[in-house]
Structures are given as structure tokens and as C-alpha cells.
$ cat run08.pdb   # PDB, C-alpha atoms
ATOM      1  CA  MET Z   1      -8.700  25.910  44.167  1.00  0.00           C
ATOM      2  CA  ASN Z   2     -11.262  24.080  46.237  1.00  0.00           C
ATOM      3  CA  TYR Z   3      -9.377  20.991  47.419  1.00  0.00           C
ATOM      4  CA  ALA Z   4     -12.466  19.281  48.870  1.00  0.00           C
ATOM      5  CA  GLU Z   5     -14.409  19.736  45.614  1.00  0.00           C
ATOM      6  CA  ILE Z   6     -11.539  18.392  43.504  1.00  0.00           C
ATOM      7  CA  LEU Z   7     -11.167  15.393  45.813  1.00  0.00           C
ATOM      8  CA  PHE Z   8     -14.923  14.750  45.679  1.00  0.00           C
ATOM      9  CA  GLN Z   9     -14.877  14.890  41.879  1.00  0.00           C
ATOM     10  CA  LEU Z  10     -11.881  12.538  41.617  1.00  0.00           C
ATOM     11  CA  THR Z  11     -13.292   9.978  44.038  1.00  0.00           C
ATOM     12  CA  SER Z  12     -16.585   9.891  42.149  1.00  0.00           C
ATOM     13  CA  LEU Z  13     -14.913   8.875  38.863  1.00  0.00           C
ATOM     14  CA  THR Z  14     -14.928   5.326  37.532  1.00  0.00           C
ATOM     15  CA  ASP Z  15     -11.542   3.603  37.229  1.00  0.00           C
ATOM     16  CA  LYS Z  16     -11.574   4.244  33.466  1.00  0.00           C
ATOM     17  CA  GLN Z  17     -12.350   7.944  33.916  1.00  0.00           C
ATOM     18  CA  PHE Z  18      -9.719   8.313  36.642  1.00  0.00           C
ATOM     19  CA  ALA Z  19      -6.982   6.746  34.464  1.00  0.00           C
ATOM     20  CA  GLU Z  20      -7.905   8.912  31.470  1.00  0.00           C
ATOM     21  CA  ILE Z  21      -7.944  12.134  33.506  1.00  0.00           C
ATOM     22  CA  PHE Z  22      -4.720  11.216  35.291  1.00  0.00           C
ATOM     23  CA  TYR Z  23      -2.826  10.661  32.029  1.00  0.00           C
ATOM     24  CA  GLU Z  24      -4.305  13.830  30.505  1.00  0.00           C
ATOM     25  CA  ALA Z  25      -3.336  15.855  33.578  1.00  0.00           C
ATOM     26  CA  VAL Z  26       0.296  14.686  33.595  1.00  0.00           C
ATOM     27  CA  ALA Z  27       0.857  14.513  29.824  1.00  0.00           C
ATOM     28  CA  ASP Z  28       2.968  17.677  29.642  1.00  0.00           C
ATOM     29  CA  ARG Z  29       4.847  17.285  32.930  1.00  0.00           C
ATOM     30  CA  ASP Z  30       8.553  16.512  32.860  1.00  0.00           C
ATOM     31  CA  THR Z  31       9.481  15.106  36.262  1.00  0.00           C
ATOM     32  CA  SER Z  32      13.222  14.855  35.633  1.00  0.00           C
ATOM     33  CA  ASP Z  33      15.718  17.356  36.988  1.00  0.00           C
ATOM     34  CA  VAL Z  34      18.428  16.090  34.621  1.00  0.00           C
ATOM     35  CA  GLU Z  35      18.847  18.019  31.387  1.00  0.00           C
ATOM     36  CA  GLY Z  36      17.932  15.942  28.344  1.00  0.00           C
ATOM     37  CA  GLU Z  37      16.144  13.290  30.384  1.00  0.00           C
ATOM     38  CA  ASN Z  38      12.353  13.156  30.182  1.00  0.00           C
ATOM     39  CA  GLY Z  39      10.633  11.761  33.260  1.00  0.00           C
ATOM     40  CA  HIS Z  40       6.909  11.245  33.555  1.00  0.00           C
ATOM     41  CA  TYR Z  41       4.290  10.069  36.021  1.00  0.00           C
ATOM     42  CA  VAL Z  42       2.522   6.739  35.600  1.00  0.00           C
ATOM     43  CA  LEU Z  43      -0.429   5.149  37.351  1.00  0.00           C
ATOM     44  CA  ALA Z  44       0.001   1.703  38.889  1.00  0.00           C
ATOM     45  CA  GLU Z  45      -2.267  -0.897  40.459  1.00  0.00           C
ATOM     46  CA  THR Z  46      -1.005  -3.237  43.154  1.00  0.00           C
ATOM     47  CA  SER Z  47      -2.571  -6.165  44.994  1.00  0.00           C
ATOM     48  CA  GLN Z  48      -1.539  -9.084  47.143  1.00  0.00           C
ATOM     49  CA  ILE Z  49      -3.182 -12.392  47.906  1.00  0.00           C
ATOM     50  CA  PRO Z  50      -2.299 -13.418  51.489  1.00  0.00           C
ATOM     51  CA  GLY Z  51       0.809 -15.598  51.482  1.00  0.00           C
ATOM     52  CA  GLU Z  52       1.781 -14.680  47.919  1.00  0.00           C
ATOM     53  CA  GLU Z  53       4.035 -12.019  46.403  1.00  0.00           C
ATOM     54  CA  ARG Z  54       2.664  -8.571  45.640  1.00  0.00           C
ATOM     55  CA  ASP Z  55       1.495  -8.035  42.052  1.00  0.00           C
ATOM     56  CA  THR Z  56       2.054  -4.529  40.649  1.00  0.00           C
ATOM     57  CA  VAL Z  57       1.151  -3.531  37.103  1.00  0.00           C
ATOM     58  CA  PHE Z  58       0.975  -0.191  35.311  1.00  0.00           C
ATOM     59  CA  VAL Z  59      -2.454   1.100  34.306  1.00  0.00           C
ATOM     60  CA  ALA Z  60      -2.635   1.719  30.566  1.00  0.00           C
ATOM     61  CA  VAL Z  61      -5.146   3.450  28.337  1.00  0.00           C
ATOM     62  CA  PRO Z  62      -6.552   1.861  25.167  1.00  0.00           C
ATOM     63  CA  ASP Z  63      -4.693   2.384  21.905  1.00  0.00           C
ATOM     64  CA  PRO Z  64      -6.782   5.141  20.260  1.00  0.00           C
ATOM     65  CA  LYS Z  65      -5.916   3.864  16.779  1.00  0.00           C
ATOM     66  CA  GLN Z  66      -7.667   0.569  17.569  1.00  0.00           C
ATOM     67  CA  TYR Z  67     -10.815   1.987  19.176  1.00  0.00           C
ATOM     68  CA  SER Z  68     -12.304   4.999  17.409  1.00  0.00           C
ATOM     69  CA  GLU Z  69     -15.669   4.618  19.175  1.00  0.00           C
ATOM     70  CA  GLY Z  70     -14.257   4.629  22.713  1.00  0.00           C
ATOM     71  CA  TRP Z  71     -15.425   2.670  25.735  1.00  0.00           C
ATOM     72  CA  ALA Z  72     -18.212   2.908  28.285  1.00  0.00           C
ATOM     73  CA  ASP Z  73     -17.155   4.738  31.446  1.00  0.00           C
ATOM     74  CA  ASP Z  74     -17.892   1.700  33.638  1.00  0.00           C
ATOM     75  CA  SER Z  75     -15.641  -0.644  31.624  1.00  0.00           C
ATOM     76  CA  PRO Z  76     -13.564  -2.805  33.991  1.00  0.00           C
ATOM     77  CA  THR Z  77      -9.764  -2.726  33.995  1.00  0.00           C
ATOM     78  CA  CYS Z  78      -9.391  -6.452  33.382  1.00  0.00           C
ATOM     79  CA  GLN Z  79      -7.019  -7.006  30.437  1.00  0.00           C
ATOM     80  CA  THR Z  80      -3.346  -7.683  31.225  1.00  0.00           C
ATOM     81  CA  GLY Z  81      -0.274  -7.922  29.009  1.00  0.00           C
ATOM     82  CA  GLN Z  82       3.482  -7.463  28.929  1.00  0.00           C
ATOM     83  CA  CYS Z  83       5.109  -4.778  26.807  1.00  0.00           C
ATOM     84  CA  VAL Z  84       7.512  -6.282  24.281  1.00  0.00           C
ATOM     85  CA  GLU Z  85       9.592  -3.080  24.241  1.00  0.00           C
ATOM     86  CA  CYS Z  86      10.269  -2.469  27.948  1.00  0.00           C
ATOM     87  CA  SER Z  87       8.926  -5.695  29.559  1.00  0.00           C
ATOM     88  CA  SER Z  88       6.555  -3.791  31.852  1.00  0.00           C
ATOM     89  CA  TRP Z  89       3.299  -5.461  32.833  1.00  0.00           C
ATOM     90  CA  VAL Z  90       0.236  -3.356  32.082  1.00  0.00           C
ATOM     91  CA  ARG Z  91      -3.479  -3.589  32.793  1.00  0.00           C
ATOM     92  CA  CYS Z  92      -6.131  -1.905  30.668  1.00  0.00           C
ATOM     93  CA  ILE Z  93      -9.829  -1.883  29.859  1.00  0.00           C
ATOM     94  CA  ALA Z  94      -8.960  -2.954  26.291  1.00  0.00           C
ATOM     95  CA  LYS Z  95      -6.963  -5.708  24.619  1.00  0.00           C
ATOM     96  CA  HIS Z  96      -4.968  -3.146  22.620  1.00  0.00           C
ATOM     97  CA  ALA Z  97      -3.218  -0.716  24.971  1.00  0.00           C
ATOM     98  CA  LYS Z  98      -0.453   1.887  24.980  1.00  0.00           C
ATOM     99  CA  CYS Z  99       2.351   1.157  27.439  1.00  0.00           C
ATOM    100  CA  PRO Z 100       2.479   4.029  29.948  1.00  0.00           C
ATOM    101  CA  ILE Z 101       6.203   3.465  30.480  1.00  0.00           C
ATOM    102  CA  CYS Z 102       7.544   3.571  26.913  1.00  0.00           C
ATOM    103  CA  GLY Z 103       4.515   4.263  24.686  1.00  0.00           C
ATOM    104  CA  ALA Z 104       4.725   0.982  22.743  1.00  0.00           C
ATOM    105  CA  ASN Z 105       1.662  -0.978  21.682  1.00  0.00           C
ATOM    106  CA  VAL Z 106       0.749  -3.782  24.103  1.00  0.00           C
ATOM    107  CA  TYR Z 107      -1.609  -6.675  23.450  1.00  0.00           C
ATOM    108  CA  CYS Z 108      -3.509  -7.759  26.545  1.00  0.00           C
ATOM    109  CA  THR Z 109      -5.548 -10.898  27.152  1.00  0.00           C
TER
END
$ encode --input "run08.pdb" --output "C-alpha cells"
Amino acid sequence: MNYAEILFQLTSLTDKQFAEIFYEAVADRDTSDVEGENGHYVLAETSQIPGEERDTVFVAVPDPKQYSEGWADDSPTCQTGQCVECSSWVRCIAKHAKCPICGANVYCT
């Protein structure tokens, strides 16, 4: 493994490409050490305006059932919504997203 080459490749990706590769890379990982529990990695985005509370949301990928044609690689991550199943806030490039926490459909605006 060439660490420097991997790092170069990852840092050259757009935000959309990075999120897609991240979720593909961790799809089959179970991070839990408790039998019967299934833990998984998620990607988050956090920001803070000076003097205000920190805003942290989970980065979601578009719902593939809604977008068969896909998205351009330079699409901005600018749609935000709250999952009705687990109440997590997510941000995505698309209005129809899959919650990275529970897998539910999320509508973003």
C-alpha cells in the first residue's frame, strides 16, 4: 500500500466522490464488538459561525431509486433534511437522500 498515493487520490476527489467512496469502502464493516449489534461508520460535516453553536450533520448519499441517471461529480452538498425515523440531520447533494444512520428515506430542502 502506498499511503502517500492513496492520500493524494482521496484529497483530489470532489465532496460527492469522497462521500460515495467512503460509504462504499465501509459498507461491509461491522464496527461493533457486541454480538448481535451492527455498528457502522458514518461521515459527518461540522461547522460553526463565531458566537453560535456548532452545527453537525451527517453526510448522506442520494436515494438511488429516485435518481437513475446519477449526478455530476462537482455537485454541491447543499440539501439538508431531518430523518423522520431517527431524527438525525443529514446533508446531501440531492433532495431525496438515504439516512446514513438508519437507512430511511430523507427529504431535503
$ residues_around --input "run08.pdb" --residues "Cys92 of chain Z" --least-positions-apart "3" --cutoff "8 Å" --atoms "all atoms listed in the file" --output "compact mmCIF listing (two decimals) with C-alpha atoms, in the coordinates of the input"
# COMPACT_ATOMS: atom_id res chain seq x y z
CA VAL Z 59 -2.45 1.10 34.31
CA ALA Z 60 -2.64 1.72 30.57
CA VAL Z 61 -5.15 3.45 28.34
CA PRO Z 62 -6.55 1.86 25.17
CA THR Z 77 -9.76 -2.73 33.99
CA CYS Z 78 -9.39 -6.45 33.38
CA GLN Z 79 -7.02 -7.01 30.44
CA THR Z 80 -3.35 -7.68 31.22
CA LYS Z 95 -6.96 -5.71 24.62
CA ALA Z 97 -3.22 -0.72 24.97
CA CYS Z 108 -3.51 -7.76 26.54
$ atom_distance --input "run08.pdb" --atom1 "atom CA of Ile101 of chain Z" --atom2 "atom CA of Thr46 of chain Z"
16.0 Å
$ residues_around --input "run08.pdb" --residues "Lys98 of chain Z" --least-positions-apart "6" --cutoff "12 Å" --atoms "all atoms listed in the file" --output "number ranges by chain"
Z: 23, 58-67, 80-86, 88-92, 104-108
$ residues_around --input "run08.pdb" --residues "segment 3-12 of chain Z" --least-positions-apart "3" --cutoff "12 Å" --atoms "all atoms listed in the file" --output "ChimeraX atom specification"
/Z:15-22,73-74
$ atom_distance --input "run08.pdb" --atom1 "atom CA of Ala94 of chain Z" --atom2 "atom CA of His40 of chain Z"
22.5 Å
$ atom_distance --input "run08.pdb" --atom1 "atom CA of Ala72 of chain Z" --atom2 "atom CA of Glu24 of chain Z"
17.8 Å
$ decode --input "run08.pdb" --residues "segment 63-74 of chain Z" --atoms "all heavy atoms" --output "mmCIF file, in the first residue's frame"
data_model
loop_
_atom_site.group_PDB
_atom_site.id
_atom_site.type_symbol
_atom_site.label_atom_id
_atom_site.label_comp_id
_atom_site.auth_asym_id
_atom_site.auth_seq_id
_atom_site.Cartn_x
_atom_site.Cartn_y
_atom_site.Cartn_z
ATOM 1 N N ASP Z 63 -30.787 8.968 -2.796
ATOM 2 C CA ASP Z 63 -31.573 7.741 -2.881
ATOM 3 C C ASP Z 63 -31.483 7.224 -4.318
ATOM 4 O O ASP Z 63 -31.969 7.875 -5.242
ATOM 5 C CB ASP Z 63 -33.031 8.034 -2.507
ATOM 6 C CG ASP Z 63 -33.918 6.810 -2.553
ATOM 7 O OD1 ASP Z 63 -33.483 5.740 -3.028
ATOM 8 O OD2 ASP Z 63 -35.076 6.925 -2.104
ATOM 9 N N PRO Z 64 -30.854 6.077 -4.542
ATOM 10 C CA PRO Z 64 -30.662 5.596 -5.921
ATOM 11 C C PRO Z 64 -31.967 5.298 -6.653
ATOM 12 O O PRO Z 64 -32.006 5.331 -7.881
ATOM 13 C CB PRO Z 64 -29.814 4.333 -5.748
ATOM 14 C CG PRO Z 64 -30.028 3.896 -4.344
ATOM 15 C CD PRO Z 64 -30.329 5.144 -3.555
ATOM 16 N N LYS Z 65 -33.032 5.034 -5.918
ATOM 17 C CA LYS Z 65 -34.322 4.768 -6.564
ATOM 18 C C LYS Z 65 -34.915 6.032 -7.178
ATOM 19 O O LYS Z 65 -35.740 5.962 -8.074
ATOM 20 C CB LYS Z 65 -35.302 4.165 -5.561
ATOM 21 C CG LYS Z 65 -34.922 2.770 -5.129
ATOM 22 C CD LYS Z 65 -35.910 2.214 -4.147
ATOM 23 C CE LYS Z 65 -35.476 0.830 -3.700
ATOM 24 N NZ LYS Z 65 -36.341 0.285 -2.653
ATOM 25 N N GLN Z 66 -34.509 7.192 -6.684
ATOM 26 C CA GLN Z 66 -35.036 8.465 -7.172
ATOM 27 C C GLN Z 66 -34.216 9.042 -8.334
ATOM 28 O O GLN Z 66 -34.709 9.864 -9.086
ATOM 29 C CB GLN Z 66 -35.062 9.488 -6.041
ATOM 30 C CG GLN Z 66 -35.991 9.144 -4.913
ATOM 31 C CD GLN Z 66 -37.448 9.277 -5.306
ATOM 32 O OE1 GLN Z 66 -37.817 10.117 -6.122
ATOM 33 N NE2 GLN Z 66 -38.300 8.447 -4.729
ATOM 34 N N TYR Z 67 -32.951 8.625 -8.434
ATOM 35 C CA TYR Z 67 -32.052 9.244 -9.407
ATOM 36 C C TYR Z 67 -31.290 8.185 -10.193
ATOM 37 O O TYR Z 67 -30.153 7.860 -9.880
ATOM 38 C CB TYR Z 67 -31.066 10.170 -8.689
ATOM 39 C CG TYR Z 67 -31.748 11.194 -7.816
ATOM 40 C CD1 TYR Z 67 -31.774 11.048 -6.434
ATOM 41 C CD2 TYR Z 67 -32.375 12.298 -8.379
ATOM 42 C CE1 TYR Z 67 -32.396 11.984 -5.632
ATOM 43 C CE2 TYR Z 67 -33.006 13.237 -7.579
ATOM 44 C CZ TYR Z 67 -33.020 13.077 -6.211
ATOM 45 O OH TYR Z 67 -33.650 13.999 -5.416
ATOM 46 N N SER Z 68 -31.908 7.662 -11.227
ATOM 47 C CA SER Z 68 -31.273 6.607 -12.024
ATOM 48 C C SER Z 68 -30.128 7.140 -12.891
ATOM 49 O O SER Z 68 -29.234 6.389 -13.267
ATOM 50 C CB SER Z 68 -32.308 5.906 -12.896
ATOM 51 O OG SER Z 68 -32.912 6.843 -13.778
ATOM 52 N N GLU Z 69 -30.144 8.430 -13.202
ATOM 53 C CA GLU Z 69 -29.111 8.998 -14.073
ATOM 54 C C GLU Z 69 -27.888 9.482 -13.311
ATOM 55 O O GLU Z 69 -26.874 9.814 -13.911
ATOM 56 C CB GLU Z 69 -29.698 10.140 -14.893
ATOM 57 C CG GLU Z 69 -30.755 9.669 -15.868
ATOM 58 C CD GLU Z 69 -31.317 10.806 -16.694
ATOM 59 O OE1 GLU Z 69 -30.636 11.836 -16.849
ATOM 60 O OE2 GLU Z 69 -32.433 10.653 -17.185
ATOM 61 N N GLY Z 70 -27.949 9.549 -11.998
ATOM 62 C CA GLY Z 70 -26.805 9.992 -11.209
ATOM 63 C C GLY Z 70 -26.641 11.501 -11.191
ATOM 64 O O GLY Z 70 -27.511 12.241 -11.657
ATOM 65 N N TRP Z 71 -25.514 11.940 -10.676
ATOM 66 C CA TRP Z 71 -25.225 13.359 -10.500
ATOM 67 C C TRP Z 71 -23.834 13.670 -11.012
ATOM 68 O O TRP Z 71 -22.950 12.817 -11.001
ATOM 69 C CB TRP Z 71 -25.284 13.715 -9.009
ATOM 70 C CG TRP Z 71 -26.660 13.662 -8.460
ATOM 71 C CD1 TRP Z 71 -27.317 12.553 -8.006
ATOM 72 C CD2 TRP Z 71 -27.568 14.732 -8.318
ATOM 73 N NE1 TRP Z 71 -28.572 12.882 -7.586
ATOM 74 C CE2 TRP Z 71 -28.757 14.224 -7.763
ATOM 75 C CE3 TRP Z 71 -27.502 16.089 -8.594
ATOM 76 C CZ2 TRP Z 71 -29.861 15.018 -7.492
ATOM 77 C CZ3 TRP Z 71 -28.598 16.877 -8.316
ATOM 78 C CH2 TRP Z 71 -29.763 16.344 -7.776
ATOM 79 N N ALA Z 72 -23.622 14.920 -11.384
ATOM 80 C CA ALA Z 72 -22.287 15.367 -11.787
ATOM 81 C C ALA Z 72 -21.362 15.313 -10.581
ATOM 82 O O ALA Z 72 -21.785 15.549 -9.443
ATOM 83 C CB ALA Z 72 -22.358 16.783 -12.335
ATOM 84 N N ASP Z 73 -20.090 15.002 -10.810
ATOM 85 C CA ASP Z 73 -19.142 14.860 -9.710
ATOM 86 C C ASP Z 73 -18.917 16.153 -8.923
ATOM 87 O O ASP Z 73 -18.532 16.103 -7.764
ATOM 88 C CB ASP Z 73 -17.803 14.340 -10.228
ATOM 89 C CG ASP Z 73 -17.855 12.854 -10.533
ATOM 90 O OD1 ASP Z 73 -18.722 12.157 -9.971
ATOM 91 O OD2 ASP Z 73 -17.021 12.402 -11.327
ATOM 92 N N ASP Z 74 -19.153 17.306 -9.540
ATOM 93 C CA ASP Z 74 -18.937 18.570 -8.830
ATOM 94 C C ASP Z 74 -20.215 19.126 -8.193
ATOM 95 O O ASP Z 74 -20.273 20.296 -7.810
ATOM 96 C CB ASP Z 74 -18.303 19.609 -9.755
ATOM 97 C CG ASP Z 74 -19.190 19.964 -10.949
ATOM 98 O OD1 ASP Z 74 -20.207 19.276 -11.181
ATOM 99 O OD2 ASP Z 74 -18.846 20.927 -11.659
#
